[in-house]
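Peer 1: The following block contains the structure, expressed as structure tokens.
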Amino acid sequence: MANLESVWKEAEERLEQSLPSAKRQWFDRISYCGENDGKLILSLPSEFFRDNAEKSCGDEIRNTIEAIAEESIEVAFIVDSNAKPAARKKAASAKPQKAPEAPASKNTTLNKAYSFDNFIAGDNSSFAFNAAKVIAQNPGISYNPCLIYGGVGLGKTHLLQSIGNYIDEHNPKMKIIYVTAESFTNEFINSLSANQASAFKAKYRNVDVLLIDDIHFLQKKDQTQEELFHTFNELYDNHKQIVLTCDRPITELSDITDRLKTRFRKGLNVDLQPPAYETRVAIAMQKCRERNYSIDSKVLEYICQNIDTNIRDLEGALTTLSSFASLVGKPITIEIAREQLKNFIVSPAIRNNDITIDSIIRKTADYFNVTDYDIKGKSRNKNIILARHISIYLASKLTSYSLSEIGKSMNGKDHTTIMHSVDRIKSLLETDESIKTAVSAIESDLTGF
């Protein structure tokens, strides 16, 4: 029979190279524990890690071991609270980035912190992730143009920047521009006012790769849309790569010209969904390692079970708990996490989209003994104004609608008016107990909590 420790060492090396990043989160917690009657024993520090490691990469481990040993080997995963990952893995994870030998990149708009290597791809994002990698490997050839869409904090910018960074590393002569739609718009406006429109056109129409983030910002900006239309045509006709991101499918943008929508739709359109539980745990573990956070696995499990909105909220929760532990000097327990994260963890009713703007207006109207029409109308009665402010505040807090969309539901009130209402109630909540009582009562009626 083969020496199982030697077999495991070789299997480790192979698996470290072949396993995707999401599975590596679990694999890196495994350590060799010994052998017993021809059985290879692998240990993990808790039941949580053991169960997820075996579920995530158990088959790959067994198949690799049997391929190396050239015989059937039984593998057992056990819990050992003192188990530590192999020193080689620690060294690998702590290994600093190799200093670049080539001259500094000329593509200064790229953020080198984003890469495919540190993007955790789950079922929610594997399509977009794989498409982005193919684009990066074949710019201007595969999936051109490409639109990646999805909600806030799901990884759109990460993938967009990863495309740019990969191309920059492997094709350093290519000119790449990453820009947000807002920056593109502002730069275009400034070029017009400074009589430098020609320089602006030359900059954006002579790139090899154009990456534009958040194109929903271009809604109602007709002149900027016109400029982007011609830039798009110039790049596309010359087989230059174009990748865009948006917070929704392009068909749902109401104030983008049809001919620009047609251009965006002519390539690949892929969506990003909120990550599943296992992916959230993998992401949380990665963030903890990157930032040296010390958070117990049971607390991580609690966080990832309750925060399922997006990665940004997950990062915010981890930062909050780590900061609390550092400043107060206490280890984080589930009870502490529950208290500190009460503003992060959304009630099931909200997560299930049971709350609408109309239901908020109706509950608020009932509380203040006014009508829905009063709240949506223009009455300057103080009681109605307060009810209107609270309705708008709760709509911004309990739904995913933008301020502009809330304004439309309030008989076309503009963005500034809606923002004023939100800020007004936030301010009153800090000083006025009666307002705090009213808001809490209405919110409790809506959420059941």
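Labels used: A, B, ... for chains in the order of the structure tokens, numbers from 1 for residues in each chain, and numbers from 1 for ligands as shown.
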Name the residues in contact with stretch 290-297 of chain A at a cut-off of 10 Å, using only C-alpha atoms, excluding same-chain residues fewer than 2 positions from it; report them as a ChimeraX atom specification.

Peer 2: /A:45-49,93-94,118,281,284-288,299-303,318-319,321-323,325-326,331-334

Peer 1: Within 12 Å of A:Lys261, counting only C-alpha atoms, which residues show up once you throw out same-chain ones fewer than 2 positions away? Write them as an NGL selection string, please.

Peer 2: :A and (145 or 147 or 215-216 or 218-219 or 225-226 or 228-229 or 232 or 244 or 246 or 249-259 or 263-267 or 269)

Peer 1: Go ahead and save the picked residues with N, CA and C atoms, as a PDB file, in the first residue's frame.

Peer 2:
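This went into again-v9.pdb:
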```
ATOM      1  N   PRO A 145     -20.399  43.502 -27.842  1.00  0.00           N
ATOM      2  CA  PRO A 145     -20.183  44.014 -26.483  1.00  0.00           C
ATOM      3  C   PRO A 145     -20.740  43.051 -25.440  1.00  0.00           C
ATOM      4  N   LEU A 147     -22.815  43.197 -21.565  1.00  0.00           N
ATOM      5  CA  LEU A 147     -23.462  43.968 -20.500  1.00  0.00           C
ATOM      6  C   LEU A 147     -23.661  43.059 -19.294  1.00  0.00           C
ATOM      7  N   ILE A 215     -24.174  52.266 -16.361  1.00  0.00           N
ATOM      8  CA  ILE A 215     -24.709  53.044 -17.480  1.00  0.00           C
ATOM      9  C   ILE A 215     -26.127  53.544 -17.225  1.00  0.00           C
ATOM     10  N   HIS A 216     -26.793  53.040 -16.172  1.00  0.00           N
ATOM     11  CA  HIS A 216     -28.111  53.580 -15.843  1.00  0.00           C
ATOM     12  C   HIS A 216     -28.038  55.067 -15.505  1.00  0.00           C
ATOM     13  N   LEU A 218     -26.829  57.246 -17.277  1.00  0.00           N
ATOM     14  CA  LEU A 218     -26.976  58.023 -18.514  1.00  0.00           C
ATOM     15  C   LEU A 218     -28.425  58.353 -18.847  1.00  0.00           C
ATOM     16  N   GLN A 219     -29.375  57.818 -18.075  1.00  0.00           N
ATOM     17  CA  GLN A 219     -30.773  58.107 -18.353  1.00  0.00           C
ATOM     18  C   GLN A 219     -31.032  59.616 -18.330  1.00  0.00           C
ATOM     19  N   GLN A 225     -25.591  60.520 -24.252  1.00  0.00           N
ATOM     20  CA  GLN A 225     -25.985  59.298 -24.943  1.00  0.00           C
ATOM     21  C   GLN A 225     -25.613  59.361 -26.429  1.00  0.00           C
ATOM     22  N   GLU A 226     -25.804  60.521 -27.021  1.00  0.00           N
ATOM     23  CA  GLU A 226     -25.451  60.709 -28.437  1.00  0.00           C
ATOM     24  C   GLU A 226     -23.948  60.493 -28.644  1.00  0.00           C
ATOM     25  N   LEU A 228     -21.903  58.753 -26.671  1.00  0.00           N
ATOM     26  CA  LEU A 228     -21.579  57.354 -26.430  1.00  0.00           C
ATOM     27  C   LEU A 228     -21.994  56.492 -27.615  1.00  0.00           C
ATOM     28  N   PHE A 229     -23.105  56.825 -28.242  1.00  0.00           N
ATOM     29  CA  PHE A 229     -23.575  56.082 -29.416  1.00  0.00           C
ATOM     30  C   PHE A 229     -22.509  56.068 -30.514  1.00  0.00           C
ATOM     31  N   PHE A 232     -19.403  54.152 -29.333  1.00  0.00           N
ATOM     32  CA  PHE A 232     -19.704  52.719 -29.395  1.00  0.00           C
ATOM     33  C   PHE A 232     -19.523  52.211 -30.825  1.00  0.00           C
ATOM     34  N   LEU A 244     -19.962  46.798 -20.336  1.00  0.00           N
ATOM     35  CA  LEU A 244     -20.766  47.771 -19.594  1.00  0.00           C
ATOM     36  C   LEU A 244     -21.404  47.093 -18.393  1.00  0.00           C
ATOM     37  N   CYS A 246     -24.757  47.622 -15.460  1.00  0.00           N
ATOM     38  CA  CYS A 246     -26.005  48.351 -15.204  1.00  0.00           C
ATOM     39  C   CYS A 246     -26.685  47.717 -13.996  1.00  0.00           C
ATOM     40  N   PRO A 249     -31.735  45.058 -16.171  1.00  0.00           N
ATOM     41  CA  PRO A 249     -31.662  44.741 -17.598  1.00  0.00           C
ATOM     42  C   PRO A 249     -31.857  45.999 -18.438  1.00  0.00           C
ATOM     43  N   ILE A 250     -31.213  46.050 -19.573  1.00  0.00           N
ATOM     44  CA  ILE A 250     -31.253  47.248 -20.402  1.00  0.00           C
ATOM     45  C   ILE A 250     -32.679  47.592 -20.831  1.00  0.00           C
ATOM     46  N   THR A 251     -33.533  46.583 -20.956  1.00  0.00           N
ATOM     47  CA  THR A 251     -34.917  46.825 -21.369  1.00  0.00           C
ATOM     48  C   THR A 251     -35.706  47.616 -20.330  1.00  0.00           C
ATOM     49  N   GLU A 252     -35.211  47.623 -19.083  1.00  0.00           N
ATOM     50  CA  GLU A 252     -35.930  48.321 -18.017  1.00  0.00           C
ATOM     51  C   GLU A 252     -35.479  49.765 -17.825  1.00  0.00           C
ATOM     52  N   LEU A 253     -34.500  50.214 -18.624  1.00  0.00           N
ATOM     53  CA  LEU A 253     -34.083  51.616 -18.559  1.00  0.00           C
ATOM     54  C   LEU A 253     -35.073  52.441 -19.374  1.00  0.00           C
ATOM     55  N   SER A 254     -35.730  53.370 -18.718  1.00  0.00           N
ATOM     56  CA  SER A 254     -36.822  54.093 -19.377  1.00  0.00           C
ATOM     57  C   SER A 254     -36.373  55.294 -20.188  1.00  0.00           C
ATOM     58  N   ASP A 255     -35.206  55.853 -19.900  1.00  0.00           N
ATOM     59  CA  ASP A 255     -34.798  57.087 -20.568  1.00  0.00           C
ATOM     60  C   ASP A 255     -33.463  56.941 -21.283  1.00  0.00           C
ATOM     61  N   ILE A 256     -33.296  55.794 -21.961  1.00  0.00           N
ATOM     62  CA  ILE A 256     -32.155  55.553 -22.840  1.00  0.00           C
ATOM     63  C   ILE A 256     -32.705  55.398 -24.253  1.00  0.00           C
ATOM     64  N   THR A 257     -32.088  56.027 -25.230  1.00  0.00           N
ATOM     65  CA  THR A 257     -32.603  55.972 -26.600  1.00  0.00           C
ATOM     66  C   THR A 257     -32.626  54.528 -27.110  1.00  0.00           C
ATOM     67  N   ASP A 258     -33.617  54.254 -27.958  1.00  0.00           N
ATOM     68  CA  ASP A 258     -33.777  52.895 -28.478  1.00  0.00           C
ATOM     69  C   ASP A 258     -32.546  52.434 -29.254  1.00  0.00           C
ATOM     70  N   ARG A 259     -31.934  53.333 -30.005  1.00  0.00           N
ATOM     71  CA  ARG A 259     -30.797  52.899 -30.811  1.00  0.00           C
ATOM     72  C   ARG A 259     -29.589  52.541 -29.933  1.00  0.00           C
ATOM     73  N   ARG A 263     -27.806  48.748 -29.394  1.00  0.00           N
ATOM     74  CA  ARG A 263     -26.359  48.481 -29.395  1.00  0.00           C
ATOM     75  C   ARG A 263     -25.971  47.655 -28.175  1.00  0.00           C
ATOM     76  N   PHE A 264     -26.515  48.012 -27.010  1.00  0.00           N
ATOM     77  CA  PHE A 264     -26.173  47.291 -25.784  1.00  0.00           C
ATOM     78  C   PHE A 264     -26.649  45.842 -25.830  1.00  0.00           C
ATOM     79  N   ARG A 265     -27.783  45.606 -26.496  1.00  0.00           N
ATOM     80  CA  ARG A 265     -28.383  44.268 -26.516  1.00  0.00           C
ATOM     81  C   ARG A 265     -27.759  43.352 -27.565  1.00  0.00           C
ATOM     82  N   LYS A 266     -26.978  43.889 -28.481  1.00  0.00           N
ATOM     83  CA  LYS A 266     -26.519  43.087 -29.609  1.00  0.00           C
ATOM     84  C   LYS A 266     -25.444  42.072 -29.219  1.00  0.00           C
ATOM     85  N   GLY A 267     -24.862  42.220 -28.045  1.00  0.00           N
ATOM     86  CA  GLY A 267     -23.858  41.261 -27.579  1.00  0.00           C
ATOM     87  C   GLY A 267     -24.411  40.369 -26.497  1.00  0.00           C
ATOM     88  N   ASN A 269     -25.615  39.613 -22.735  1.00  0.00           N
ATOM     89  CA  ASN A 269     -26.157  40.247 -21.530  1.00  0.00           C
ATOM     90  C   ASN A 269     -26.244  39.190 -20.433  1.00  0.00           C
TER      91      ASN A 269
END
```

Peer 1: How many Å lie between atom CA of A:Asp214 and atom CA of A:Asn186, rounded to one decimal?

Peer 2: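 We find that atom CA of A:Asp214 and atom CA of A:Asn186 lie 13.9 Å from each other.
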
Peer 1: Just the number, please: distance in Å from atom CA of A:Ala282 to atom CA of A:Trp26, one decimal.

Peer 2: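 We find that atom CA of A:Ala282 and atom CA of A:Trp26 lie 7.8 Å from each other.
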
Peer 1: Provide the atom CA of A:Asn381 to atom CA of A:Tyr401 distance in Å, to one decimal place.

Peer 2: 26.7 Å

Peer 1: Check the DSSP output for the backbone and give back, as a ChimeraX atom specification, the residues of stretch 101-286 of chain A in alpha helix (DSSP H).

Peer 2: /A:126-137,156-170,181-193,197-205,222-237,258-265,277-286
